[in-house]
Each structure stands twice: as structure tokens, then as C-alpha cells.
Amino acid sequence: MEKIWLKRYPPHMPADINPDEYASLVDVFERSCQTFGPRLAFANMGYGMTYAELEQKSRAFAAYLQ
């Protein structure tokens, strides 16, 4: 089967991923927050949140749920 969507990938984007690179979605999230802390993670209607802020808020929400 031809993977026609690969033609739309940016040049640096790999066609395949290593599924063993991360232990879980939590691992992906935590590594992203460490790597991209000061960068913008979310923007909507003039409001933006960095990865560091997102991590802090998600930890506060998790603590609330406990």
C-alpha cells in the first residue's frame, strides 16, 4: 500500500517511529515538558501557555484528583 500522506511530511519528519522509545504517554509528556519548557505549547484566542506552565498545571490538577 502506498503511503500517500508521507508526501506531506516535512523533510525532517521520519516516516516511522520507534515504539520502544517511550514507556508511556506520561513519559512523552514529561520529556516534552523538559525539552521544550519555555516554548509555547498551546495558544488560543490570544492566550498562550508554555510547556513548563502546562506541566505545572497538570501536576496541580493531578494532585487535586488525588
# chains A, B, ... in the order shown; residues from 1 in each chain; ligands from 1
>>> select_by_dssp(residues="chain A", states="helix (DSSP H, G or I)", output="ChimeraX atom specification")
/A:4-8,25-36,51-65
>>> closest_atom_pairs(of="segment 16-57 of chain A", to="segment 61-65 of chain A", cutoff="10 Å", atoms="only C-alpha atoms", output="JSON lines")
{"residue": "A:Glu55", "atom": "CA", "partner": "A:Phe61", "partner_atom": "CA", "distance": 9.9}
{"residue": "A:Gln56", "atom": "CA", "partner": "A:Phe61", "partner_atom": "CA", "distance": 8.7}
{"residue": "A:Lys57", "atom": "CA", "partner": "A:Phe61", "partner_atom": "CA", "distance": 6.1}
>>> write_last_selection(atoms="N, CA and C atoms", output="compact mmCIF listing (two decimals), in the first residue's frame")
# COMPACT_ATOMS: atom_id res chain seq x y z
N GLU A 55 2.91 21.75 32.36
CA GLU A 55 3.32 20.71 33.30
C GLU A 55 2.90 21.08 34.73
N GLN A 56 3.12 22.32 35.13
CA GLN A 56 2.76 22.76 36.48
C GLN A 56 1.25 22.63 36.69
N LYS A 57 0.47 23.05 35.73
CA LYS A 57 -0.99 22.97 35.87
C LYS A 57 -1.49 21.53 35.84
>>> atom_distance(atom1="atom CA of Ser58 of chain A", atom2="atom CA of Glu30 of chain A")
10.6 Å
>>> residues_around(residues="Asp16 of chain A", least_positions_apart="5", cutoff="12 Å", atoms="only C-alpha atoms", output="PyMOL selection string")
chain A and resi 3+6+9
>>> residues_around(residues="Met49 of chain A", least_positions_apart="2", cutoff="12 Å", atoms="only C-alpha atoms", output="PyMOL selection string")
chain A and resi 33+36-47+51-58
>>> atom_distance(atom1="atom CA of Gln66 of chain A", atom2="atom CA of Thr35 of chain A")
26.9 Å
>>> atom_distance(atom1="atom CA of Asp20 of chain A", atom2="atom CA of Trp5 of chain A")
23.4 Å
